[in-house]
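S.K.: You'll find work21.txt just under this line, and it carries compact mmCIF, C-alpha atoms.
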```txt
# COMPACT_ATOMS: atom_id res chain seq x y z
CA MET A 1 -25.29 10.21 0.89
CA ALA A 2 -26.94 7.78 3.32
CA ARG A 3 -28.07 5.61 0.43
CA SER A 4 -24.58 5.44 -1.12
CA ILE A 5 -23.21 4.25 2.23
CA GLU A 6 -26.03 1.75 2.77
CA GLU A 7 -25.67 0.03 -0.61
CA PRO A 8 -22.01 -1.01 -0.15
CA ARG A 9 -22.88 -2.24 3.34
CA ASN A 10 -25.71 -4.34 1.90
CA ALA A 11 -23.36 -5.71 -0.75
CA ARG A 12 -20.79 -6.60 1.91
CA SER A 13 -23.50 -8.25 3.98
CA ARG A 14 -24.63 -10.36 1.03
CA ARG A 15 -21.05 -11.39 0.30
CA SER A 16 -20.51 -12.33 3.94
CA ARG A 17 -23.72 -14.37 3.98
CA MET A 18 -22.72 -16.20 0.79
CA ALA A 19 -19.26 -16.91 2.24
CA LEU A 20 -20.83 -18.47 5.33
CA LEU A 21 -23.18 -20.60 3.26
CA ARG A 22 -20.31 -21.69 1.04
CA ALA A 23 -18.33 -22.68 4.15
CA ALA A 24 -21.31 -24.62 5.48
CA ARG A 25 -21.67 -26.51 2.20
CA GLU A 26 -17.99 -27.45 2.23
CA LEU A 27 -18.26 -28.75 5.79
CA VAL A 28 -21.35 -30.84 5.02
CA GLU A 29 -19.68 -32.33 1.95
CA GLU A 30 -16.39 -33.06 3.72
CA HIS A 31 -17.43 -33.99 7.25
CA GLY A 32 -21.22 -34.41 7.36
CA MET A 33 -24.06 -32.58 9.03
CA ALA A 34 -23.02 -33.28 12.62
CA ALA A 35 -19.72 -31.47 12.09
CA THR A 36 -21.44 -28.43 10.59
CA THR A 37 -21.81 -26.34 13.74
CA MET A 38 -21.93 -22.58 13.99
CA ALA A 39 -18.40 -22.59 15.42
CA ALA A 40 -17.10 -24.79 12.60
CA VAL A 41 -18.70 -22.59 9.96
CA ALA A 42 -17.19 -19.51 11.57
CA GLU A 43 -13.74 -21.11 11.60
CA ARG A 44 -14.00 -22.27 7.97
CA ALA A 45 -15.15 -18.82 6.84
CA GLY A 46 -12.50 -17.06 8.93
CA VAL A 47 -14.92 -15.04 11.03
CA SER A 48 -16.10 -14.98 14.63
CA ARG A 49 -19.10 -16.99 15.87
CA ARG A 50 -20.77 -13.66 16.58
CA ALA A 51 -20.49 -12.81 12.87
CA VAL A 52 -22.32 -16.03 11.97
CA TYR A 53 -25.13 -15.18 14.39
CA LEU A 54 -25.48 -11.75 12.81
CA HIS A 55 -26.65 -13.54 9.64
CA PHE A 56 -28.33 -16.67 11.02
CA ALA A 57 -30.32 -16.77 14.23
CA SER A 58 -29.60 -20.46 14.82
CA ARG A 59 -28.04 -23.55 13.28
CA ALA A 60 -31.50 -24.58 12.08
CA ASP A 61 -31.77 -21.24 10.27
CA LEU A 62 -28.33 -21.73 8.71
CA ILE A 63 -29.09 -25.28 7.53
CA SER A 64 -32.45 -24.22 6.14
CA GLU A 65 -30.80 -21.42 4.16
CA LEU A 66 -27.99 -23.73 3.05
CA PHE A 67 -30.19 -25.88 0.86
CA GLY A 68 -31.79 -22.90 -0.80
CA TYR A 69 -28.26 -21.67 -1.45
CA VAL A 70 -27.18 -24.99 -2.98
CA ASN A 71 -30.25 -25.07 -5.23
CA ALA A 72 -29.60 -21.50 -6.33
CA VAL A 73 -25.89 -22.06 -7.00
CA GLU A 74 -26.67 -25.21 -8.99
CA ASP A 75 -29.58 -23.47 -10.77
CA LEU A 76 -32.20 -26.07 -9.83
CA GLU A 77 -35.05 -24.24 -11.55
CA GLY A 78 -33.09 -23.51 -14.71
CA ARG A 79 -31.78 -27.07 -14.99
CA PHE A 80 -35.23 -28.62 -14.77
CA ALA A 81 -37.23 -25.98 -16.68
CA PRO A 82 -36.88 -27.85 -20.04
CA ILE A 83 -38.90 -30.77 -18.59
CA ALA A 84 -42.10 -28.75 -18.55
CA GLU A 85 -41.28 -27.37 -22.00
CA ALA A 86 -40.94 -30.84 -23.58
CA PRO A 87 -43.47 -31.46 -26.36
CA ASP A 88 -44.86 -34.68 -24.87
CA ALA A 89 -44.67 -36.88 -21.78
CA VAL A 90 -42.10 -39.31 -23.20
CA ALA A 91 -39.76 -36.48 -24.15
CA ALA A 92 -40.27 -34.95 -20.70
CA LEU A 93 -39.31 -38.24 -19.04
CA GLU A 94 -36.11 -38.45 -21.07
CA VAL A 95 -35.17 -34.82 -20.39
CA PHE A 96 -35.78 -35.46 -16.70
CA ALA A 97 -33.43 -38.48 -16.70
CA ARG A 98 -30.58 -36.48 -18.20
CA ARG A 99 -31.11 -33.34 -16.15
CA HIS A 100 -31.44 -35.28 -12.91
CA ALA A 101 -28.20 -37.18 -13.58
CA ALA A 102 -26.31 -33.93 -14.14
CA PHE A 103 -27.82 -32.31 -11.05
CA MET A 104 -27.09 -35.27 -8.77
CA ALA A 105 -23.46 -35.29 -9.83
CA ARG A 106 -23.26 -31.76 -8.42
CA VAL A 107 -25.20 -32.20 -5.16
CA LEU A 108 -24.76 -35.87 -4.25
CA ALA A 109 -22.26 -35.21 -1.45
CA VAL A 110 -24.64 -32.84 0.32
CA SER A 111 -27.68 -35.00 -0.33
CA ARG A 112 -25.97 -38.14 1.00
CA ALA A 113 -24.81 -36.35 4.15
CA VAL A 114 -28.34 -35.15 4.87
CA GLU A 115 -29.89 -38.57 4.22
CA ARG A 116 -27.26 -40.33 6.35
CA GLU A 117 -27.84 -38.12 9.39
CA ALA A 118 -31.60 -37.53 9.07
CA GLY A 119 -32.23 -40.12 11.78
CA SER A 120 -30.16 -38.32 14.39
CA ASP A 121 -30.04 -34.64 13.38
CA PRO A 122 -33.38 -32.74 13.51
CA ASP A 123 -32.14 -30.13 11.02
CA ALA A 124 -31.10 -32.85 8.58
CA ALA A 125 -34.39 -34.69 9.12
CA ARG A 126 -36.39 -31.58 8.34
CA HIS A 127 -34.55 -30.97 5.10
CA TRP A 128 -34.56 -34.62 4.02
CA ALA A 129 -38.33 -34.81 4.45
CA GLU A 130 -38.73 -31.69 2.32
CA ALA A 131 -36.33 -32.99 -0.34
CA LEU A 132 -38.20 -36.30 -0.60
CA TYR A 133 -41.52 -34.46 -0.81
CA TRP A 134 -40.39 -32.37 -3.79
CA ARG A 135 -38.75 -35.34 -5.52
CA GLN A 136 -41.99 -37.26 -5.24
CA GLU A 137 -44.11 -34.33 -6.41
CA THR A 138 -41.88 -34.04 -9.50
CA ASN A 139 -42.16 -37.77 -10.09
CA ARG A 140 -45.94 -37.75 -9.81
CA ALA A 141 -46.21 -34.87 -12.26
CA LEU A 142 -44.11 -36.76 -14.82
CA ILE A 143 -46.00 -40.03 -14.42
CA ARG A 144 -49.37 -38.29 -14.37
CA ARG A 145 -48.49 -36.70 -17.70
CA LEU A 146 -47.72 -40.12 -19.16
CA ASP A 147 -51.05 -41.38 -17.85
CA GLU A 148 -53.02 -38.39 -19.16
CA GLU A 149 -51.45 -38.79 -22.61
CA GLY A 150 -52.37 -42.47 -22.61
CA VAL A 151 -48.82 -43.83 -22.78
CA LEU A 152 -48.27 -45.15 -19.24
CA ALA A 153 -47.27 -48.82 -19.53
CA PRO A 154 -49.77 -51.46 -18.42
CA GLY A 155 -49.41 -52.68 -14.85
CA TRP A 156 -48.52 -49.29 -13.43
CA THR A 157 -50.65 -46.76 -11.61
CA VAL A 158 -49.55 -43.17 -11.12
CA ASP A 159 -48.78 -43.95 -7.47
CA THR A 160 -46.77 -47.15 -8.03
CA ALA A 161 -44.83 -45.71 -10.95
CA ALA A 162 -44.00 -42.54 -9.00
CA ASP A 163 -42.79 -44.64 -6.07
CA MET A 164 -40.60 -46.78 -8.33
CA LEU A 165 -39.17 -43.68 -9.99
CA LEU A 166 -38.29 -42.33 -6.55
CA ALA A 167 -36.28 -45.49 -5.90
CA LEU A 168 -34.55 -45.35 -9.30
CA ILE A 169 -33.33 -41.78 -8.74
CA SER A 170 -32.22 -42.36 -5.14
CA ASN A 171 -28.88 -41.27 -3.75
CA GLY A 172 -27.86 -44.91 -3.56
CA VAL A 173 -28.31 -45.51 -7.28
CA SER A 174 -26.56 -42.27 -8.22
CA GLY A 175 -23.70 -42.98 -5.81
CA THR A 176 -23.22 -46.54 -7.05
CA LEU A 177 -22.92 -45.45 -10.66
CA LEU A 178 -20.88 -42.28 -10.08
CA ASP A 179 -18.54 -43.39 -7.32
CA GLU A 180 -18.35 -47.17 -7.45
CA ARG A 181 -18.71 -47.82 -11.17
CA GLY A 182 -17.15 -44.60 -12.45
CA TRP A 183 -19.96 -43.63 -14.79
CA THR A 184 -20.13 -40.06 -16.06
CA PRO A 185 -23.29 -38.00 -15.55
CA GLU A 186 -23.83 -38.21 -19.31
CA GLN A 187 -23.72 -42.01 -19.23
CA ILE A 188 -26.13 -42.12 -16.32
CA GLY A 189 -28.52 -39.73 -18.03
CA GLU A 190 -28.47 -41.67 -21.29
CA HIS A 191 -29.02 -45.08 -19.72
CA MET A 192 -31.54 -43.81 -17.17
CA ALA A 193 -33.54 -42.34 -20.04
CA LEU A 194 -33.52 -45.78 -21.73
CA LEU A 195 -34.52 -47.47 -18.48
CA LEU A 196 -37.37 -45.07 -17.71
CA ARG A 197 -38.74 -45.27 -21.22
CA SER A 198 -38.64 -49.08 -21.35
CA THR A 199 -40.15 -49.34 -17.86
CA PHE A 200 -42.89 -46.74 -17.85
CA VAL A 201 -43.86 -46.10 -21.49
CA ALA A 202 -46.34 -48.38 -23.24
CA ARG A 203 -45.06 -50.08 -26.36
CA GLY A 204 -47.03 -48.71 -29.28
```
Would you mind writing the structure in this file as structure tokens?

M.R.:
Amino acid sequence: MARSIEEPRNARSRRSRMALLRAARELVEEHGMAATTMAAVAERAGVSRRAVYLHFASRADLISELFGYVNAVEDLEGRFAPIAEAPDAVAALEVFARRHAAFMARVLAVSRAVEREAGSDPDAARHWAEALYWRQETNRALIRRLDEEGVLAPGWTVDTAADMLLALISNGVSGTLLDERGWTPEQIGEHMALLLRSTFVARG
């Protein structure tokens, strides 16, 4: 009997937690990190501040959980899994271009808000540093594979190519094409694949 009571409570708790994280994401996207306070999240979710603190010990805890939530909702691992499964480095680079374009179209608002306020908000700074670290690790793995397969274009090292790739996939580039030029994620993916191949792959 105790177990049957506990399970619904756990389910309700998970739903409440997800509702709070969803509210936090909406606030970040609409108003930025600074506006995403515990009180604001409580108001958006329609609960008391005390209810927020039952799930998250602090704002830092909430923000930390938020980005794991966004990655889970947008299926970060599933979206990028085909890169590692590509038959060769060139194919992996092209898959990456298309998958990254689709992913950025979904998370750009959150990513831009974090980048914009990383200089003044410690919670944003912590996440932005982590996001850049993982972007660069992904970049290095892609470029290292090109190098190991002997198809990295002359003039590049793994380090310089990974740095340039980081710049090419920045929020600024994605935002310019999506918001200012009206490109679709499919167009960005297609043309980014062409750009990456012509830039980083040796002509055979």

S.K.: Rounded to one decimal, what separation in Å do you get between atom CA of Ile169 of chain A and atom CA of Trp128 of chain A?

M.R.: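 The value is 14.7 Å.
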
S.K.: With only C-alpha atoms as the atoms that count, which of A:Leu194, A:Ala24, A:Leu178, A:Ala11 lies nearest to Phe67 of chain A?

M.R.: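 The answer is A:Ala24, which sits nearest to Phe67 of chain A.
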
S.K.: How many Å lie between atom CA of Gly46 of chain A and atom CA of Arg15 of chain A, rounded to one decimal?

M.R.: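 These atoms are spaced 13.4 Å apart.
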
S.K.: Measure the distance from atom CA of Arg99 of chain A to atom CA of Pro82 of chain A in Å and round it to one decimal.

M.R.: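 According to the coordinates, atom CA of Arg99 of chain A and atom CA of Pro82 of chain A are separated by 8.9 Å.
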
S.K.: Using all atoms listed in the file, collect all residues at a distance of at most 7 Å from (-47.2, -41.9, -15.1) as written in the file, then present them as a count of residues only.

M.R.: 12

S.K.: Residues within 10 Å of Thr199 of chain A, please, as a list in words. Count all atoms listed in the file; anything in the same chain fewer than 6 positions from it doesn't count.

M.R.: Leu152, Ala153, Pro154, Trp156, Ala161, Met164, Leu165 and Ala193 of chain A

S.K.: Using the selection just defined, write its residues with C-alpha atoms as a compact mmCIF listing (two decimals), in the frame of the given file.

M.R.:
```
# COMPACT_ATOMS: atom_id res chain seq x y z
CA LEU A 152 -48.27 -45.15 -19.24
CA ALA A 153 -47.27 -48.82 -19.53
CA PRO A 154 -49.77 -51.46 -18.42
CA TRP A 156 -48.52 -49.29 -13.43
CA ALA A 161 -44.83 -45.71 -10.95
CA MET A 164 -40.60 -46.78 -8.33
CA LEU A 165 -39.17 -43.68 -9.99
CA ALA A 193 -33.54 -42.34 -20.04
```

S.K.: Do you know which residues are at most 12 Å from Leu195 of chain A counting all atoms listed in the file, after dropping those on the same chain fewer than 2 positions away, and could you put them as a VMD selection string?

M.R.: chain A and resid 93 to 94 97 to 98 164 to 165 168 to 169 188 to 193 197 to 201

S.K.: Do a neighbour search on Ser120 of chain A at 10 Å with all atoms listed in the file, toss out local chain neighbours closer than 4 positions, and write the hits as a list in words.

M.R.: Met33, Ala34, Arg116, Ala124 and Ala125 of chain A

S.K.: When distances are computed from all atoms listed in the file, which of A:Ile83, A:Thr138, A:Ala109, A:Leu196 shows the smallest separation from Val95 of chain A?

M.R.: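 The shortest atom-to-atom distance to Val95 of chain A comes from A:Ile83.
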
S.K.: Determine the nearest neighbour of Ala40 of chain A from the options A:Leu54, A:Ala23, A:Leu62, A:Tyr133, counting only C-alpha atoms.

M.R.: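 Of all the options, A:Ala23 lies closest to Ala40 of chain A.
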
S.K.: What's around Leu76 of chain A at 10 Å? Count all atoms listed in the file, leave out sequence neighbours fewer than 6 positions away in its own chain, and write the answer as number ranges by chain.

M.R.: A: 68, 70, 99-100, 103

S.K.: For His55 of chain A, which residue among A:Arg22, A:Arg79, A:Arg17, A:His31 is the nearest when counting only C-alpha atoms?

M.R.: A:Arg17

S.K.: My list of candidates is A:Gly155, A:Glu29, A:Met38, A:Leu166. Which is closest to Asn139 of chain A when distances are computed with only C-alpha atoms?

M.R.: A:Leu166

S.K.: Rebuild segment 13-24 of chain A to all heavy atoms - output it as a JSON list (two decimals), in the coordinates of the input, please.

M.R.:
```json
[["chain", "number", "residue", "atom", "x", "y", "z"],
["A", 13, "SER", "N", -22.72, -7.31, 3.19],
["A", 13, "SER", "CA", -23.50, -8.25, 3.98],
["A", 13, "SER", "C", -23.89, -9.47, 3.16],
["A", 13, "SER", "O", -23.81, -10.61, 3.64],
["A", 13, "SER", "CB", -24.77, -7.55, 4.50],
["A", 13, "SER", "OG", -25.56, -8.46, 5.24],
["A", 14, "ARG", "N", -24.28, -9.24, 1.91],
["A", 14, "ARG", "CA", -24.63, -10.36, 1.03],
["A", 14, "ARG", "C", -23.42, -11.24, 0.76],
["A", 14, "ARG", "O", -23.52, -12.47, 0.77],
["A", 14, "ARG", "CB", -25.22, -9.84, -0.29],
["A", 14, "ARG", "CG", -26.65, -9.36, -0.19],
["A", 14, "ARG", "CD", -27.25, -9.17, -1.57],
["A", 14, "ARG", "NE", -26.56, -8.14, -2.34],
["A", 14, "ARG", "CZ", -26.87, -6.86, -2.30],
["A", 14, "ARG", "NH1", -27.83, -6.42, -1.51],
["A", 14, "ARG", "NH2", -26.20, -5.98, -3.04],
["A", 15, "ARG", "N", -22.27, -10.61, 0.54],
["A", 15, "ARG", "CA", -21.05, -11.39, 0.30],
["A", 15, "ARG", "C", -20.68, -12.21, 1.53],
["A", 15, "ARG", "O", -20.27, -13.36, 1.42],
["A", 15, "ARG", "CB", -19.89, -10.47, -0.10],
["A", 15, "ARG", "CG", -19.99, -9.94, -1.53],
["A", 15, "ARG", "CD", -18.64, -9.37, -1.97],
["A", 15, "ARG", "NE", -18.23, -8.23, -1.15],
["A", 15, "ARG", "CZ", -18.56, -6.98, -1.38],
["A", 15, "ARG", "NH1", -19.32, -6.67, -2.43],
["A", 15, "ARG", "NH2", -18.12, -6.00, -0.59],
["A", 16, "SER", "N", -20.81, -11.61, 2.70],
["A", 16, "SER", "CA", -20.51, -12.33, 3.94],
["A", 16, "SER", "C", -21.45, -13.51, 4.13],
["A", 16, "SER", "O", -21.02, -14.61, 4.51],
["A", 16, "SER", "CB", -20.62, -11.39, 5.15],
["A", 16, "SER", "OG", -19.70, -10.35, 5.06],
["A", 17, "ARG", "N", -22.72, -13.30, 3.84],
["A", 17, "ARG", "CA", -23.72, -14.37, 3.98],
["A", 17, "ARG", "C", -23.40, -15.51, 3.02],
["A", 17, "ARG", "O", -23.45, -16.68, 3.39],
["A", 17, "ARG", "CB", -25.11, -13.79, 3.69],
["A", 17, "ARG", "CG", -26.26, -14.73, 4.01],
["A", 17, "ARG", "CD", -27.59, -14.04, 3.69],
["A", 17, "ARG", "NE", -28.71, -14.83, 4.10],
["A", 17, "ARG", "CZ", -29.24, -14.83, 5.29],
["A", 17, "ARG", "NH1", -28.73, -14.04, 6.24],
["A", 17, "ARG", "NH2", -30.28, -15.59, 5.59],
["A", 18, "MET", "N", -23.05, -15.17, 1.78],
["A", 18, "MET", "CA", -22.72, -16.20, 0.79],
["A", 18, "MET", "C", -21.46, -16.97, 1.21],
["A", 18, "MET", "O", -21.38, -18.17, 1.02],
["A", 18, "MET", "CB", -22.52, -15.57, -0.59],
["A", 18, "MET", "CG", -23.78, -15.00, -1.23],
["A", 18, "MET", "SD", -25.10, -16.21, -1.46],
["A", 18, "MET", "CE", -26.20, -15.77, -0.09],
["A", 19, "ALA", "N", -20.49, -16.26, 1.79],
["A", 19, "ALA", "CA", -19.26, -16.91, 2.24],
["A", 19, "ALA", "C", -19.55, -17.91, 3.35],
["A", 19, "ALA", "O", -18.97, -19.01, 3.39],
["A", 19, "ALA", "CB", -18.25, -15.87, 2.71],
["A", 20, "LEU", "N", -20.46, -17.56, 4.24],
["A", 20, "LEU", "CA", -20.83, -18.47, 5.33],
["A", 20, "LEU", "C", -21.57, -19.69, 4.79],
["A", 20, "LEU", "O", -21.32, -20.82, 5.24],
["A", 20, "LEU", "CB", -21.69, -17.73, 6.35],
["A", 20, "LEU", "CG", -20.97, -16.66, 7.17],
["A", 20, "LEU", "CD1", -21.97, -15.81, 7.94],
["A", 20, "LEU", "CD2", -19.95, -17.29, 8.11],
["A", 21, "LEU", "N", -22.44, -19.47, 3.85],
["A", 21, "LEU", "CA", -23.18, -20.60, 3.26],
["A", 21, "LEU", "C", -22.25, -21.51, 2.46],
["A", 21, "LEU", "O", -22.38, -22.74, 2.49],
["A", 21, "LEU", "CB", -24.32, -20.08, 2.38],
["A", 21, "LEU", "CG", -25.48, -19.44, 3.14],
["A", 21, "LEU", "CD1", -26.39, -18.67, 2.18],
["A", 21, "LEU", "CD2", -26.27, -20.49, 3.92],
["A", 22, "ARG", "N", -21.30, -20.90, 1.77],
["A", 22, "ARG", "CA", -20.31, -21.69, 1.04],
["A", 22, "ARG", "C", -19.48, -22.53, 2.01],
["A", 22, "ARG", "O", -19.21, -23.72, 1.76],
["A", 22, "ARG", "CB", -19.41, -20.78, 0.21],
["A", 22, "ARG", "CG", -18.41, -21.52, -0.68],
["A", 22, "ARG", "CD", -17.79, -20.58, -1.71],
["A", 22, "ARG", "NE", -17.15, -19.43, -1.10],
["A", 22, "ARG", "CZ", -17.61, -18.18, -1.17],
["A", 22, "ARG", "NH1", -18.72, -17.91, -1.84],
["A", 22, "ARG", "NH2", -16.97, -17.18, -0.59],
["A", 23, "ALA", "N", -19.10, -21.95, 3.14],
["A", 23, "ALA", "CA", -18.33, -22.68, 4.15],
["A", 23, "ALA", "C", -19.16, -23.82, 4.72],
["A", 23, "ALA", "O", -18.64, -24.93, 4.93],
["A", 23, "ALA", "CB", -17.91, -21.72, 5.27],
["A", 24, "ALA", "N", -20.44, -23.57, 4.95],
["A", 24, "ALA", "CA", -21.31, -24.62, 5.48],
["A", 24, "ALA", "C", -21.45, -25.77, 4.48],
["A", 24, "ALA", "O", -21.41, -26.95, 4.86],
["A", 24, "ALA", "CB", -22.69, -24.04, 5.80]]
```
